[in-house]
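Participant: Contents are compact mmCIF, C-alpha atoms; file name protein.txt:
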# COMPACT_ATOMS: atom_id res chain seq x y z
CA MET U 185 250.51 53.09 73.30
CA SER U 186 248.33 53.26 70.18
CA GLY U 187 245.37 55.54 70.73
CA LEU U 188 247.18 57.67 73.33
CA ALA U 189 247.60 61.44 73.08
CA LEU U 190 250.06 63.33 75.25
CA ILE U 191 248.79 66.82 76.10
CA ALA U 192 252.19 68.38 76.63
CA GLY U 193 252.93 71.61 78.48
CA GLN U 194 256.12 73.55 79.11
CA GLY U 195 259.19 72.30 80.96
CA ALA U 196 261.28 69.15 80.86
CA LEU U 197 258.60 66.65 81.94
CA PRO U 198 257.13 65.86 78.49
CA ALA U 199 260.56 64.95 77.07
CA ALA U 200 261.38 62.83 80.13
CA LEU U 201 258.05 61.07 79.87
CA LEU U 202 258.53 60.34 76.17
CA ALA U 203 261.99 58.91 76.87
CA ALA U 204 260.44 56.46 79.34
CA MET U 205 257.66 55.30 77.00
CA PRO U 206 258.02 52.30 74.67
CA ALA U 207 256.25 54.05 71.77
CA ARG U 208 255.66 57.64 70.77
CA PRO U 209 252.12 58.89 71.38
CA PHE U 210 250.31 61.59 69.42
CA ILE U 211 251.60 64.86 70.91
CA CYS U 212 249.42 67.93 71.37
CA ALA U 213 250.12 71.31 72.94
CA LEU U 214 248.03 74.31 73.91
CA ASP U 215 248.92 77.31 71.75
CA GLY U 216 251.66 79.32 73.45
CA PHE U 217 252.76 76.53 75.79
CA ALA U 218 254.90 74.26 73.62
CA PRO U 219 257.01 71.65 75.45
CA ASP U 220 260.80 71.94 75.61
CA GLY U 221 262.64 69.86 73.03
CA VAL U 222 259.58 67.96 71.79
CA ALA U 223 258.07 68.04 68.31
CA VAL U 224 254.33 68.69 68.50
CA ASP U 225 251.88 66.97 66.16
CA LEU U 226 248.93 69.26 66.83
CA THR U 227 248.55 72.68 68.47
CA PHE U 228 245.11 73.69 69.74
CA ARG U 229 243.40 76.64 71.38
CA LEU U 230 241.12 76.46 74.40
CA GLU U 231 238.52 78.53 72.55
CA ARG U 232 238.14 75.61 70.11
CA LEU U 233 238.27 72.82 72.66
CA ALA U 234 235.21 71.02 71.29
CA LEU U 235 236.76 70.89 67.81
CA PHE U 236 240.02 69.64 69.30
CA LEU U 237 238.24 66.83 71.14
CA ARG U 238 236.45 65.84 67.95
CA ASP U 239 239.76 65.84 66.06
CA LEU U 240 241.30 63.49 68.63
CA GLU U 241 238.31 61.17 68.34
CA ASN U 242 238.60 61.14 64.56
CA ARG U 243 242.27 60.17 64.86
CA GLY U 244 241.38 57.12 66.96
CA ILE U 245 242.59 58.59 70.24
CA THR U 246 240.95 56.98 73.26
CA LEU U 247 243.38 57.89 76.07
CA VAL U 248 245.05 61.16 77.06
CA CYS U 249 247.88 61.98 79.45
CA PHE U 250 248.68 65.49 80.69
CA ALA U 251 252.32 66.41 81.37
CA GLY U 252 254.03 69.78 81.69
CA ALA U 253 253.19 73.26 82.90
CA VAL U 254 250.39 75.40 81.48
CA LYS U 255 249.38 78.79 82.83
CA ARG U 256 245.83 80.02 82.63
CA PRO U 257 245.50 81.36 79.06
CA ARG U 258 243.63 84.50 78.13
CA LEU U 259 240.55 83.64 76.11
CA ASP U 260 239.61 85.44 72.89
CA PRO U 261 235.79 85.48 72.65
CA SER U 262 235.93 85.95 68.87
CA LEU U 263 237.53 82.52 68.44
CA PHE U 264 234.94 80.36 70.20
CA ASP U 265 233.23 77.74 68.06
CA PRO U 266 229.51 77.24 68.85
CA VAL U 267 229.96 74.06 70.91
CA THR U 268 232.91 75.36 72.93
CA ALA U 269 230.98 78.60 73.52
CA GLN U 270 228.48 76.55 75.51
CA MET U 271 231.35 75.46 77.76
CA VAL U 272 232.42 79.05 78.53
CA PRO U 273 230.74 79.32 81.97
CA ARG U 274 232.32 76.03 82.99
CA LEU U 275 235.75 76.99 81.61
CA LEU U 276 235.70 80.39 83.31
CA ALA U 277 234.59 78.87 86.61
CA ALA U 278 237.41 76.32 86.38
CA MET U 279 240.02 78.97 85.61
CA GLY U 280 238.86 80.94 88.64
CA GLN U 281 239.55 78.04 91.01
CA GLY U 282 242.82 76.82 92.49
CA ASP U 283 245.03 74.58 90.38
CA ASP U 284 243.50 71.31 91.53
CA GLY U 285 239.96 72.52 91.04
CA ALA U 286 240.74 73.80 87.55
CA LEU U 287 242.47 70.59 86.53
CA ARG U 288 239.64 68.44 87.86
CA ALA U 289 237.31 70.39 85.60
CA VAL U 290 239.62 69.75 82.62
CA ILE U 291 239.68 66.02 83.38
CA GLY U 292 235.90 66.04 83.63
CA ILE U 293 235.52 67.61 80.19
CA PHE U 294 237.80 65.01 78.57
CA GLU U 295 236.10 62.11 80.35
CA GLU U 296 232.64 63.33 79.37
CA ALA U 297 233.86 63.42 75.76
CA GLY U 298 234.70 59.72 76.06
CA PHE U 299 238.44 59.80 76.70
CA GLY U 300 240.24 57.88 79.42
CA VAL U 301 242.77 59.93 81.40
CA GLN U 302 246.02 58.24 82.44
CA GLY U 303 248.62 59.58 84.83
CA VAL U 304 252.40 59.50 84.68
CA ALA U 305 252.40 56.74 87.30
CA GLU U 306 250.56 54.46 84.89
CA ILE U 307 252.60 55.30 81.80
CA ALA U 308 256.12 55.74 83.24
CA PRO U 309 256.22 54.51 86.86
CA ALA U 310 260.04 54.66 86.89
CA LEU U 311 259.78 58.46 87.07
CA ILE U 312 258.15 58.21 90.51
CA PRO U 313 260.70 56.84 93.03
CA ALA U 314 259.61 54.56 95.84
CA ALA U 315 260.33 55.35 99.48
CA GLY U 316 264.01 55.58 100.36
CA VAL U 317 267.04 57.80 100.86
CA TYR U 318 268.62 58.57 97.49
CA ALA U 319 271.51 60.79 98.59
CA GLY U 320 273.14 61.79 101.86
CA ALA U 321 271.94 60.64 105.26
CA LEU U 322 269.00 61.44 107.51
CA THR U 323 269.30 63.40 110.74
CA ALA U 324 266.89 63.87 113.63
CA ASP U 325 266.26 67.45 112.42
CA MET U 326 265.27 66.19 108.97
CA HIS U 327 262.77 63.77 110.50
CA SER U 328 261.15 66.44 112.66
CA ASP U 329 261.24 69.16 110.00
CA GLY U 330 259.90 66.72 107.40
CA ALA U 331 256.94 65.85 109.62
CA ARG U 332 256.25 69.53 110.30
CA ALA U 333 256.46 70.36 106.59
CA GLU U 334 254.10 67.53 105.70
CA ALA U 335 251.50 68.94 108.10
CA ILE U 336 251.88 72.43 106.61
CA VAL U 337 251.51 71.23 103.01
CA ALA U 338 248.46 69.18 104.02
CA ALA U 339 246.88 72.34 105.44
CA LEU U 340 247.74 74.32 102.31
CA GLY U 341 246.40 71.56 100.10
CA ALA U 342 243.06 71.63 101.88
CA GLU U 343 242.68 75.16 100.49
CA ASP U 344 244.12 74.18 97.05
CA VAL U 345 247.09 76.51 97.52
CA GLY U 346 250.46 74.82 97.11
CA GLN U 347 252.48 71.63 97.03
CA GLY U 348 255.62 72.63 98.90
CA CYS U 349 257.19 74.51 101.79
CA VAL U 350 260.54 75.05 103.54
CA VAL U 351 260.90 74.25 107.24
CA ALA U 352 263.99 74.71 109.43
CA GLY U 353 264.13 74.03 113.14
CA GLY U 354 260.37 73.60 113.16
CA LEU U 355 259.81 77.08 111.67
CA CYS U 356 258.12 77.56 108.30
CA LEU U 357 260.41 79.77 106.23
CA ALA U 358 258.39 79.79 102.99
CA VAL U 359 255.41 78.22 101.29
CA GLU U 360 254.82 77.59 97.62
CA VAL U 361 252.22 79.82 95.97
CA ILE U 362 251.38 80.66 92.38
CA SER U 363 254.94 81.88 91.65
CA GLY U 364 256.21 78.30 92.06
CA THR U 365 259.03 76.35 93.63
CA ASP U 366 261.98 78.31 92.25
CA ALA U 367 260.61 81.61 93.55
CA MET U 368 259.93 80.06 96.95
CA LEU U 369 263.49 78.73 97.25
CA ALA U 370 264.90 82.08 96.07
CA SER U 371 262.94 83.84 98.83
CA VAL U 372 264.67 81.68 101.44
CA CYS U 373 268.03 83.02 100.29
CA GLY U 374 267.04 86.51 101.40
CA LEU U 375 265.91 85.71 104.95
CA GLY U 376 269.28 86.46 106.54
CA ASP U 377 269.15 86.59 110.34
CA LEU U 378 265.55 85.39 110.36
CA ARG U 379 266.76 81.86 109.65
CA PRO U 380 267.32 79.45 112.53
CA ALA U 381 270.57 77.52 112.91
CA ALA U 382 269.13 74.32 111.42
CA ARG U 383 269.73 74.00 107.67
CA GLY U 384 266.16 72.94 107.04
CA VAL U 385 264.29 70.94 104.41
CA PHE U 386 262.35 71.66 101.27
CA TYR U 387 259.28 69.41 101.27
CA LYS U 388 257.10 68.57 98.27
CA SER U 389 254.00 66.44 97.86
CA ALA U 390 250.72 66.27 96.02
CA LYS U 391 247.80 67.88 97.79
CA LEU U 392 245.68 65.62 99.96
CA GLY U 393 242.81 64.37 97.84
CA GLN U 394 244.44 65.56 94.61
CA ASP U 395 243.67 63.60 91.45
CA LEU U 396 247.07 62.01 90.86
CA ARG U 397 246.49 61.63 87.13
CA ILE U 398 247.42 65.26 86.52
CA ASP U 399 249.74 67.96 87.90
CA LEU U 400 251.95 65.70 90.03
CA PRO U 401 254.72 67.66 91.78
CA THR U 402 258.00 67.48 89.86
CA LEU U 403 261.60 67.69 91.06
CA GLY U 404 264.75 67.76 88.97
CA PRO U 405 268.44 68.69 88.93
CA ALA U 406 267.53 72.40 88.88
CA THR U 407 265.57 71.90 92.12
CA VAL U 408 268.67 70.43 93.74
CA ALA U 409 270.77 73.40 92.61
CA ASN U 410 268.21 75.89 93.94
CA ALA U 411 267.88 74.07 97.28
CA ALA U 412 271.67 74.04 97.66
CA ARG U 413 271.79 77.76 96.83
CA ALA U 414 269.21 78.34 99.56
CA GLY U 415 271.49 76.60 102.07
CA LEU U 416 269.07 73.76 102.82
CA GLY U 417 270.07 70.36 104.11
CA ALA U 418 267.53 68.13 102.40
CA ILE U 419 264.88 67.76 99.73
CA VAL U 420 262.08 65.62 101.09
CA TRP U 421 259.02 64.40 99.23
CA ARG U 422 256.12 62.04 99.80
CA ALA U 423 256.96 58.75 98.14
CA GLY U 424 254.62 57.65 95.40
CA ASP U 425 253.25 60.98 94.19
CA VAL U 426 256.27 63.06 93.13
CA ILE U 427 258.03 62.87 89.75
CA CYS U 428 261.83 62.99 89.68
CA LEU U 429 263.34 64.11 86.38
CA ASP U 430 266.71 62.42 85.85
CA LEU U 431 267.12 60.95 89.33
CA PRO U 432 270.78 59.95 88.72
CA ALA U 433 271.63 63.58 87.91
CA MET U 434 269.73 64.71 90.99
CA GLN U 435 271.70 62.26 93.11
CA ALA U 436 275.04 63.38 91.70
CA ALA U 437 274.21 67.05 92.27
CA ALA U 438 272.91 66.37 95.79
CA ASN U 439 276.00 64.41 96.78
CA ALA U 440 278.24 67.17 95.44
CA ALA U 441 276.30 69.79 97.43
CA GLY U 442 275.99 67.78 100.62
CA LEU U 443 272.19 67.53 100.29
CA THR U 444 270.02 64.64 101.38
CA LEU U 445 267.31 63.33 99.03
CA TRP U 446 264.57 61.50 100.87
CA ALA U 447 261.34 59.98 99.51
CA ARG U 448 259.46 59.92 102.82
Written as structure tokens, how would this file's structure read?
Facilitator:
Amino acid sequence: MSGLALIAGQGALPAALLAAMPARPFICALDGFAPDGVAVDLTFRLERLALFLRDLENRGITLVCFAGAVKRPRLDPSLFDPVTAQMVPRLLAAMGQGDDGALRAVIGIFEEAGFGVQGVAEIAPALIPAAGVYAGALTADMHSDGARAEAIVAALGAEDVGQGCVVAGGLCLAVEVISGTDAMLASVCGLGDLRPAARGVFYKSAKLGQDLRIDLPTLGPATVANAARAGLGAIVWRAGDVICLDLPAMQAAANAAGLTLWAR
């Protein structure tokens, strides 16, 4: 892993990724978005991106991997270095796009600076489960609701909107927007009589055409707890492009809650 830098964001993913790697990479974090439980070697600001890229090059870094959540930061014009200042129109245009569009622009900047960009699937493939049922059992409703949810997320992804939705009895109860998965699942709890009799599924997948080297959907034990709280019957995801943090813990929690886990 020599020559690799991990650009770590918030949440549990950076620590899980490090635990699955044979050697510790050089760890960087955007100012204000430090990873949970991970010591950072270098903190940088977006206003000095050109200087950061040069620093990585000087340290012998040739590859980068992005892992963890980062919100769009507010830029301070007084902090721009001359080279990064020339990138401002591009940075602002990227930040004004949907998540996938913005992240594609980030990847482009790193690649143009001479860095290779690797995804979690390349570095820690064990975090991305293959197709299969990992807890519970499938029902006919789960098959039909899973197919319906997949079609909805594909439509959302075409507009670079979200990576998840909740479907029960063929009805879409909620879709994931900028507030994220937890907020979406919490909204399902308040639907009351609007909910059909079917327990329903929470479905998650990368957007169609998404660059899978960055911003893969992530599920974890907290997702299982929130889905159970929402009264759902299954968590379904597209096999091969969703990260599972601590799959054994997810399985234990799902079995205890009577939830099915299905990599579709």
Participant: Considering only C-alpha atoms, return as a list of chain:residue names whatever protein or nucleic-acid residues lie within 7 Å of Lys391 (chain U), sequence-local ones (same chain, fewer than 2 positions apart) excluded.
Facilitator: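 My reading of the contact set: U:Ala338, U:Gly341, U:Gln347, U:Ser389, U:Gly393, U:Gln394.
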Participant: Which residue gives the smallest distance to Leu340 (chain U) among U:Asp265, U:Asp395, U:Asp220, U:Glu360, with only C-alpha atoms counted?
Facilitator: U:Glu360
Participant: Just the number, please: distance in Å from CA of Gln270 (chain U) to CA of Glu296 (chain U), one decimal.
Facilitator: 14.4 Å
Participant: Quick one: everything within 10 Å of Cys249 (chain U), counting only C-alpha atoms, minus sequence neighbours fewer than 2 positions away in the same chain. Send it as a list in words.
Facilitator: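 That gives Leu188, Ala189, Leu190, Ile191, Ala192, Pro209, Ile211, Leu247, Ala251, Ile291, Gly300, Val301, Gln302, Gly303, Val304, Glu306, Ile307, Arg397 and Ile398 of chain U.
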Participant: Please, what distance in Å, to one decimal, runs between CA of Leu201 (chain U) and CA of Ala437 (chain U)?
Facilitator: 21.2 Å
Participant: Mind giving me the straight-line distance from CA of Ala342 (chain U) to CA of Met271 (chain U) in Å, one decimal?
Facilitator: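 Result for CA of Ala342 (chain U) versus CA of Met271 (chain U): 27.1 Å, one decimal.
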